Amino acid sequence: MTIQNTRTRNTILIVLFVGVLMGALDIAIVGPALPSIRKSFTVDERSMSWVFSIYVLLQLVSTPLMAKLSDMFGRRAVYVADVLLFAIGSVIVTISPFVGSFGVFLAGRAIQGFGAGGIFPVAGAVIGDTFPPEKRGSALGLIGAVFGMAFIIGPILGAILLRFGWQWLFLINLPIAIIVIIIALKYIPSVKAAVRPTPDWTGMITLGLALTSLAYAINQIDTAHLVNSITSMNMWPFIVISVISFIIFVRIERSHPEPVLRLSLFKSRQIVLSGVLTAGAGLGMAGLIFIPTLAVATLGLQGSSASFILMPIVLAMSFGSPTIGRLLNKLGSKVIVMSGMVLLAAGMAVLGLVAVNLAMFIFAGVLIGFGLSALLGAPLRYIMLNETPAEDRAAGQGLLSLSSMVGQLFCAVIVGAVADSQGGGILGFSAAFIVISGLAIVFFALTLGLKNRRQEIETAQHHEQAVATVTA
């Protein structure tokens, strides 16, 4: 039901924007608080990585599920439920120090992630339902820009709230969630799909089990005793569970009418490469979460001051993203993605090897910021749009979102495993950033398989001709 009243549409857009921003901030804002949270519960770096990982994991599982549920039960009901879940998770996280349980803290983060995972896709669906076609692009663009804004607002807001205690980073969600729920109940229409889809419950469960098992297994790696850790009962049984779950997942997806992943997309090498490289970009983005922790250990900063160590990255991304967009049509995606991986690898290497003073942190931040500008914005999504036929474009973009979250998930568990294996502190986190740099180099090698500009243009022309033939 398209809404013609501009004022009502703007109100809906604002409530969607605030809801998505709230969920995105709880990724960006948690990094500077990690040292304080660790001190509250006296846990090691390996355990601390789950503060971020469990949020992303539940978000990953929730995203396709909530999109389907909104078709079945209506956008308003599911959007309000997601925001309410996020608020409940925030309450549990806030009270966890009083019961002295890190497990309770992680349970709250899991509930937050599960709620946040539904906020973004449902917001996109609401825009598709209520905005006229000529207005949808700008509205979706504003919602999509939230994640970049979260990394701009996050360090500043974190620096302010951390002065009063890390619990305030989560407690501030409550009044915002209440306002969003009240306005959403009044203005968001309860639209349902004309034909109710059949959610791929078994696919979602097996995918979640596969990723959880693999993430736990990686988190158990001890780089100081690598062979023993890989062959231990703490690791290999979970790898077996993960492999079996992935095999079952693929079999389910081949026959389900509403699959979580459309496996036909993987027939294209370019689509596979863009998905893998997007996971690499997600890995780089998740690495930002741990930079304040390294700054606290290396520079002796307080948690609130360490938040500002991310500002060079934010400023570089703010300048780099629009510049990359203009260069894309001239240079093609391959050159830009290759450059992004090189810069990301260089920036992470500087953090791991020579970040001994503020100047080197700033230099590393600028390199990382420009690198992520080339990886998180238009180029990889351009490849996916260019390689998928019109009827598969939405599924292709969904694949990239999933790939990014997988990269974020595994970055966190890798950082936790490496940092803890090396004894934590400066040595541990420096080693973790060196590992991220090495992985970025591997991803750079994969970019060599991307199409050059001439081949991209030929592919785009081929799809345009196919569309024109079908239309005729």
# chains A, B, ... in the order shown; residues from 1 in each chain; ligands from 1
>>> closest_atom_pairs(of="segment 210-274 of chain A", to="segment 364-388 of chain A", cutoff="12 Å", atoms="only C-alpha atoms", output="Markdown table")
| residue | atom | partner | partner_atom | distance |
| --- | --- | --- | --- | --- |
| A:Arg262 | CA | A:Thr388 | CA | 11.7 |
| A:Ser264 | CA | A:Thr388 | CA | 10.4 |
| A:Leu265 | CA | A:Thr388 | CA | 7.7 |
| A:Phe266 | CA | A:Thr388 | CA | 10.6 |
| A:Lys267 | CA | A:Thr388 | CA | 10.8 |
| A:Ser268 | CA | A:Glu387 | CA | 7.8 |
| A:Arg269 | CA | A:Glu387 | CA | 9.6 |
| A:Gln270 | CA | A:Glu387 | CA | 7.1 |
| A:Ile271 | CA | A:Met384 | CA | 6.1 |
| A:Val272 | CA | A:Met384 | CA | 9.4 |
| A:Leu273 | CA | A:Leu380 | CA | 9.4 |
| A:Ser274 | CA | A:Leu380 | CA | 5.9 |
>>> write_last_selection(atoms="N, CA and C atoms", output="short mmCIF file (atom, residue, chain, number, x, y, z; two decimals), in the first residue's frame")
data_model
loop_
_atom_site.label_atom_id
_atom_site.label_comp_id
_atom_site.auth_asym_id
_atom_site.auth_seq_id
_atom_site.Cartn_x
_atom_site.Cartn_y
_atom_site.Cartn_z
N ARG A 262 20.30 -18.91 -2.61
CA ARG A 262 20.00 -19.45 -3.93
C ARG A 262 21.29 -20.02 -4.51
N SER A 264 22.02 -21.51 -7.15
CA SER A 264 22.30 -21.30 -8.58
C SER A 264 23.25 -20.12 -8.80
N LEU A 265 23.29 -19.19 -7.85
CA LEU A 265 24.20 -18.04 -7.98
C LEU A 265 25.66 -18.48 -8.00
N PHE A 266 25.95 -19.59 -7.35
CA PHE A 266 27.34 -20.02 -7.21
C PHE A 266 27.90 -20.66 -8.47
N LYS A 267 27.10 -20.73 -9.53
CA LYS A 267 27.61 -21.23 -10.80
C LYS A 267 28.54 -20.22 -11.47
N SER A 268 28.42 -18.97 -11.08
CA SER A 268 29.26 -17.91 -11.65
C SER A 268 30.49 -17.69 -10.79
N ARG A 269 31.67 -17.78 -11.40
CA ARG A 269 32.91 -17.56 -10.64
C ARG A 269 32.99 -16.15 -10.11
N GLN A 270 32.49 -15.17 -10.88
CA GLN A 270 32.53 -13.79 -10.43
C GLN A 270 31.67 -13.56 -9.20
N ILE A 271 30.52 -14.22 -9.16
CA ILE A 271 29.64 -14.10 -8.00
C ILE A 271 30.28 -14.74 -6.78
N VAL A 272 30.91 -15.91 -6.96
CA VAL A 272 31.60 -16.56 -5.86
C VAL A 272 32.72 -15.67 -5.34
N LEU A 273 33.50 -15.08 -6.27
CA LEU A 273 34.60 -14.20 -5.86
C LEU A 273 34.08 -12.97 -5.12
N SER A 274 33.00 -12.37 -5.63
CA SER A 274 32.48 -11.16 -4.96
C SER A 274 31.97 -11.50 -3.57
#
>>> residues_around(residues="Ala116 of chain A", least_positions_apart="6", cutoff="10 Å", atoms="only C-alpha atoms", output="list in words")
Gly19, Val20, Leu21, Met22, Gly23, Ala24, Asp26, Tyr55, Val56, Leu58, Gln59, Leu60, Ser62, Thr63, Met66, Tyr79, Asp82, Val83, Leu84, Leu85, Phe86, Ala87 and Ala110 of chain A
>>> residues_around(residues="segment 394-411 of chain A", least_positions_apart="6", cutoff="6 Å", atoms="only C-alpha atoms", output="compact mmCIF listing (two decimals) with C-alpha atoms, in the first residue's frame")
# COMPACT_ATOMS: atom_id res chain seq x y z
CA SER A 53 30.78 -12.73 17.54
CA VAL A 56 26.81 -11.05 14.55
CA GLY A 275 30.93 -13.11 -2.06
CA THR A 278 32.83 -9.28 0.69
CA ALA A 279 33.58 -11.66 3.55
CA GLY A 280 37.14 -10.28 3.45
CA GLY A 282 33.62 -7.83 6.64
CA LEU A 283 36.71 -9.27 8.27
CA ALA A 286 35.25 -6.27 12.33
>>> closest_residue(among="A:Ala123, A:Ile441, A:Leu57, A:Ile172", to="Ser70 of chain A", atoms="only C-alpha atoms")
A:Ala123
>>> atom_distance(atom1="atom CA of Leu353 of chain A", atom2="atom CA of Gly438 of chain A")
12.4 Å
